[in-house]
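A short worksheet on the structure shown next.
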Amino acid sequence: MKLQIDTSARLKRWLLPAAIVMLLSSSPAAAAQPADDKWQFTIMPYLWLPTIDGTLQFHGRAGGNPEVNVKANPGDYLSDVEMALMLAFEARKGKWLVMSDVTYMKMSDNTSSVRSVNFNPGLPPNPVSTTLNSGTQTDLYATIWTVAGGYNLVQGPKASLDLIGGARYLKLKATTNWQLTATVTDPGGSGAVFPASGSVTQTGDIWDGIVGVKGRLRLGEGGWFVPYYLDGGKGGSEFTWQAQTGIGYAFSWGDLVLGYRYLAWQQDDNNKTIQDLKLYGFGLGGVFHF
């Protein structure tokens with residue numbers, strides 16, 4: 001039996017993974033620094049407000065397998081954010097580098113509704129009237145962490161290029177509490193029922209290995225530059241990848257970067273909580289060198 005929960009109201013607001021998620025986790029501006037034997041560090045707080053598009057599937061609880069479909073713009077979820085941390089760090093010595101990025105997001109009391117119940121997997125779901133919904137809410141916690149090492153292949157006044165390899169981790173925990181005014185009975189006559197109230201909690205996590213490239217291209221003789229980043233990999237997911245670019249300006253204290261980033265995971269496995277997830281949109285970050 002499969003329950004489908006409508007996220008067209010405020011449940012669509014949960015994944016800022018999903019906010020989830022690493023505006024310029026590779027700190028591409030830092031790649032333009034000259035290579036020497038001294039340690040060089042960068043730290044980057046940032047804000048990323050992506051569009052979120054994904055699917056979660058719950059398992060192992062009475063009432064079937066609730067499936068949560070999410071698609072939301074930044075304006076849909078900002079009011080539900082209770083806590084957020086978005087921070088990237090990079091250290092270099094000579095041509096070698098290590099980097100890490102962590103994004104944590106907590107959202108709660110996202111209003112949603114039960115849209116359908118599927119008592120016979122493989123057949124169309126049975127719609128649930130909106131009049132039956134008396135109150136359904138979802139809480140969500142999301143963590144995205146990237147850690148990698150790299151080697152500088154190109155370092156010049158006009159361009160830089162780093163080769164990187166590492167891992168990306170995604171963890172989601174979601175709890176849905178549903179309230180209906182009546183039970184839902186299988187129209188096929190099996191006698192199965194979906195209870196009028198209940199709760200389901202599911203945690204999903206994914207570890208993936210990644211490889212990629214990053215760097216920047218200088219524009220003219222001033223401080224303007226174009227950062228770029230591309231990676232891909234697999235492991236716990238069928239495939240994950242991200243791409244980003246934008247425009248930046250180098251100041252004496254560091255860099256300011258406006259970028260566009262696309263980050264995605266693909267599972268295609270009905271036994272997994274995270275079926276697929278895509279985050280994409282603009283963000284702003286400040287890179288401090290020391």
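How things are named: the first chain in the structure tokens is A, the next is B, and so on; residues count from 1 in each chain; ligands count from 1 in the order shown.
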Spatial neighbours of Gly259 in chain A, 9 Å, only C-alpha atoms, chain gap at least 5 places, as a PyMOL selection string: chain A and resi 23-24+227+244-248+281-285
Mind dumping the selected residues with all heavy atoms as a compact mmCIF listing (two decimals), in the first residue's frame?
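again.txt, freshly written:
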```txt
# COMPACT_ATOMS: atom_id res chain seq x y z
N LEU A 23 26.94 26.47 -2.01
CA LEU A 23 26.89 27.37 -3.16
C LEU A 23 28.14 27.23 -4.02
O LEU A 23 28.06 26.99 -5.21
CB LEU A 23 26.75 28.82 -2.69
CG LEU A 23 27.09 29.90 -3.72
CD1 LEU A 23 26.11 29.84 -4.87
CD2 LEU A 23 27.09 31.26 -3.09
N LEU A 24 29.30 27.40 -3.41
CA LEU A 24 30.56 27.29 -4.15
C LEU A 24 31.53 26.46 -3.32
O LEU A 24 32.56 26.93 -2.87
CB LEU A 24 31.15 28.68 -4.42
CG LEU A 24 30.30 29.60 -5.30
CD1 LEU A 24 30.86 31.00 -5.26
CD2 LEU A 24 30.27 29.09 -6.72
N PRO A 227 34.31 32.06 -12.14
CA PRO A 227 34.62 30.77 -11.52
C PRO A 227 33.89 29.64 -12.24
O PRO A 227 32.84 29.85 -12.84
CB PRO A 227 34.07 30.94 -10.10
CG PRO A 227 32.92 31.87 -10.27
CD PRO A 227 33.29 32.81 -11.39
N GLN A 244 28.65 24.45 -11.75
CA GLN A 244 28.41 25.83 -11.35
C GLN A 244 29.33 26.79 -12.08
O GLN A 244 30.43 26.43 -12.52
CB GLN A 244 28.60 26.01 -9.85
CG GLN A 244 30.03 25.79 -9.38
CD GLN A 244 30.15 25.91 -7.87
OE1 GLN A 244 29.34 25.37 -7.13
NE2 GLN A 244 31.16 26.62 -7.40
N THR A 245 28.83 28.00 -12.25
CA THR A 245 29.63 29.09 -12.80
C THR A 245 29.01 30.39 -12.31
O THR A 245 27.99 30.37 -11.61
CB THR A 245 29.69 29.04 -14.34
OG1 THR A 245 30.65 30.01 -14.80
CG2 THR A 245 28.33 29.31 -14.96
N GLY A 246 29.61 31.50 -12.68
CA GLY A 246 29.08 32.78 -12.23
C GLY A 246 30.03 33.91 -12.55
O GLY A 246 30.80 33.85 -13.51
N ILE A 247 30.01 34.94 -11.71
CA ILE A 247 30.87 36.09 -11.89
C ILE A 247 31.39 36.51 -10.52
O ILE A 247 30.64 36.47 -9.53
CB ILE A 247 30.12 37.26 -12.57
CG1 ILE A 247 31.06 38.41 -12.90
CG2 ILE A 247 28.95 37.71 -11.72
CD1 ILE A 247 31.99 38.12 -14.05
N GLY A 248 32.66 36.87 -10.45
CA GLY A 248 33.25 37.26 -9.18
C GLY A 248 34.15 38.47 -9.32
O GLY A 248 34.56 38.84 -10.43
N GLY A 281 19.90 26.94 -8.62
CA GLY A 281 19.56 28.35 -8.44
C GLY A 281 20.79 29.20 -8.19
O GLY A 281 21.93 28.72 -8.21
N PHE A 282 20.54 30.50 -7.95
CA PHE A 282 21.61 31.47 -7.74
C PHE A 282 21.99 31.55 -6.27
O PHE A 282 21.17 31.24 -5.38
CB PHE A 282 21.17 32.85 -8.22
CG PHE A 282 21.06 32.96 -9.70
CD1 PHE A 282 19.86 32.77 -10.35
CD2 PHE A 282 22.20 33.26 -10.46
CE1 PHE A 282 19.76 32.89 -11.73
CE2 PHE A 282 22.11 33.36 -11.84
CZ PHE A 282 20.89 33.19 -12.48
N GLY A 283 23.20 31.96 -6.01
CA GLY A 283 23.66 32.15 -4.64
C GLY A 283 24.77 33.19 -4.58
O GLY A 283 25.34 33.58 -5.60
N LEU A 284 25.08 33.64 -3.37
CA LEU A 284 26.08 34.67 -3.15
C LEU A 284 27.01 34.23 -2.04
O LEU A 284 26.56 33.77 -0.98
CB LEU A 284 25.40 36.00 -2.77
CG LEU A 284 26.32 37.21 -2.57
CD1 LEU A 284 26.98 37.60 -3.87
CD2 LEU A 284 25.51 38.36 -1.99
N GLY A 285 28.33 34.35 -2.27
CA GLY A 285 29.31 33.95 -1.26
C GLY A 285 30.45 34.94 -1.14
O GLY A 285 30.83 35.60 -2.12
```
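Distance check against Met44 in chain A using only C-alpha atoms: of A:Gln179, A:Gly254, A:Leu161, A:Asp205, the minimum falls on A:Gly254.
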Shell of 7 Å around Gly235 in chain A, only C-alpha atoms, local chain residues under 5 positions omitted, as number ranges by chain: A: 207-209
Long-range neighbours of Met99 in chain A as a PyMOL selection string, 6 Å cut-off, only C-alpha atoms, 6 positions minimum in chain: chain A and resi 89-90+147-148
Those residues with N, CA, C and O atoms, as a short mmCIF file (atom, residue, chain, number, x, y, z; two decimals), in the first residue's frame please?
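Final output, selection25.cif:
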```cif
data_model
loop_
_atom_site.label_atom_id
_atom_site.label_comp_id
_atom_site.auth_asym_id
_atom_site.auth_seq_id
_atom_site.Cartn_x
_atom_site.Cartn_y
_atom_site.Cartn_z
N PHE A 89 35.39 25.61 3.31
CA PHE A 89 36.76 25.84 3.78
C PHE A 89 37.73 25.18 2.81
O PHE A 89 37.44 24.12 2.25
N GLU A 90 38.88 25.83 2.60
CA GLU A 90 39.91 25.27 1.73
C GLU A 90 41.29 25.62 2.27
O GLU A 90 41.51 26.72 2.78
N VAL A 147 33.81 16.62 0.96
CA VAL A 147 35.21 16.68 1.37
C VAL A 147 36.05 16.12 0.23
O VAL A 147 35.68 15.12 -0.39
N ALA A 148 37.16 16.79 -0.09
CA ALA A 148 37.96 16.37 -1.24
C ALA A 148 39.38 16.88 -1.12
O ALA A 148 39.67 17.82 -0.37
#
```
Option closest in space to Ala250 in chain A, from A:Gly198, A:Asp276, A:His289, A:Gly215 [counting only C-alpha atoms]: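 Under the stated criterion, the closest residue is A:His289.
Proximity ranking of A:Leu230, A:Met83, A:Leu277, A:Leu153 relative to Arg261 in chain A places A:Leu230 first, based on only C-alpha atoms.
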Straight-line distance linking CA of Gly232 in chain A with CA of Leu97 in chain A, stated in Å to one decimal: 18.8 Å
Shell of 6 Å around Ala142 in chain A, only C-alpha atoms, local chain residues under 6 positions omitted, as number ranges by chain: A: 17, 104-105, 171-172
Residue subset to file, keeping N, CA, C and O atoms, as an mmCIF file, in the first residue's frame:
```
data_model
loop_
_atom_site.group_PDB
_atom_site.id
_atom_site.type_symbol
_atom_site.label_atom_id
_atom_site.label_comp_id
_atom_site.auth_asym_id
_atom_site.auth_seq_id
_atom_site.Cartn_x
_atom_site.Cartn_y
_atom_site.Cartn_z
ATOM 1 N N PRO A 17 18.210 21.753 1.417
ATOM 2 C CA PRO A 17 19.253 20.993 1.347
ATOM 3 C C PRO A 17 19.861 21.188 1.089
ATOM 4 O O PRO A 17 20.314 20.954 0.867
ATOM 5 N N TYR A 104 23.788 22.537 6.637
ATOM 6 C CA TYR A 104 22.809 21.923 7.528
ATOM 7 C C TYR A 104 21.556 22.782 7.534
ATOM 8 O O TYR A 104 21.623 24.009 7.583
ATOM 9 N N MET A 105 20.389 22.135 7.478
ATOM 10 C CA MET A 105 19.130 22.854 7.454
ATOM 11 C C MET A 105 18.096 22.116 8.297
ATOM 12 O O MET A 105 17.970 20.895 8.209
ATOM 13 N N LYS A 171 22.266 13.454 3.848
ATOM 14 C CA LYS A 171 21.419 12.812 4.850
ATOM 15 C C LYS A 171 20.137 13.613 5.014
ATOM 16 O O LYS A 171 20.171 14.827 5.200
ATOM 17 N N LEU A 172 19.007 12.919 4.954
ATOM 18 C CA LEU A 172 17.705 13.530 5.151
ATOM 19 C C LEU A 172 16.932 12.741 6.195
ATOM 20 O O LEU A 172 16.929 11.514 6.171
#
```
Contacts of Ser197 in chain A within 9 Å, only C-alpha atoms, excl. fewer than 6 positions in-chain, as a ChimeraX atom specification: /A:177-183
Top pick for closest residue to Ala91 in chain A, considering A:Tyr228, A:Trp39, A:Tyr77, A:Trp48 and counting only C-alpha atoms: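 Smallest separation from Ala91 in chain A among the options: A:Trp39.
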Between CA of Ser100 in chain A and CA of Gln40 in chain A - distance in Å to one decimal: 14.5 Å
Top pick for closest residue to Trp145 in chain A, considering A:Ile210, A:Met107, A:Val102, A:Ala167 and counting only C-alpha atoms: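 Ranked by minimum distance to Trp145 in chain A, first place goes to A:Val102.
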Strand (DSSP E) residues, from DSSP on the backbone, in range 231-269 of chain A, as an MDAnalysis selection string: chainID A and resid 231:235 239:250 254:266
Keeping only C-alpha atoms, write the selected residues to a file as a short mmCIF file (atom, residue, chain, number, x, y, z; two decimals), in the first residue's frame.
```
data_model
loop_
_atom_site.label_atom_id
_atom_site.label_comp_id
_atom_site.auth_asym_id
_atom_site.auth_seq_id
_atom_site.Cartn_x
_atom_site.Cartn_y
_atom_site.Cartn_z
CA ASP A 231 32.07 17.06 -10.70
CA GLY A 232 30.36 13.71 -11.03
CA GLY A 233 30.36 10.34 -9.34
CA LYS A 234 28.42 7.45 -7.84
CA GLY A 235 28.36 5.01 -4.96
CA PHE A 239 24.73 8.99 -10.20
CA THR A 240 25.38 12.40 -8.65
CA TRP A 241 26.77 15.50 -10.29
CA GLN A 242 27.06 19.23 -9.90
CA ALA A 243 28.01 22.17 -12.10
CA GLN A 244 28.41 25.83 -11.35
CA THR A 245 29.63 29.09 -12.80
CA GLY A 246 29.08 32.78 -12.23
CA ILE A 247 30.87 36.09 -11.89
CA GLY A 248 33.25 37.26 -9.18
CA TYR A 249 35.37 40.21 -8.16
CA ALA A 250 38.65 40.09 -6.24
CA GLY A 254 39.09 38.32 -0.56
CA ASP A 255 36.47 37.70 -3.24
CA LEU A 256 32.76 38.23 -3.72
CA VAL A 257 31.05 35.70 -6.00
CA LEU A 258 27.56 35.55 -7.52
CA GLY A 259 27.01 32.06 -8.95
CA TYR A 260 24.51 29.64 -10.39
CA ARG A 261 24.72 26.03 -9.24
CA TYR A 262 23.02 22.75 -10.15
CA LEU A 263 23.33 19.73 -7.83
CA ALA A 264 21.58 16.39 -8.37
CA TRP A 265 21.25 12.82 -7.10
CA GLN A 266 19.52 9.94 -8.91
#
```
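You will find CA of Gly286 in chain A at 18.9 Å from CA of Leu219 in chain A.
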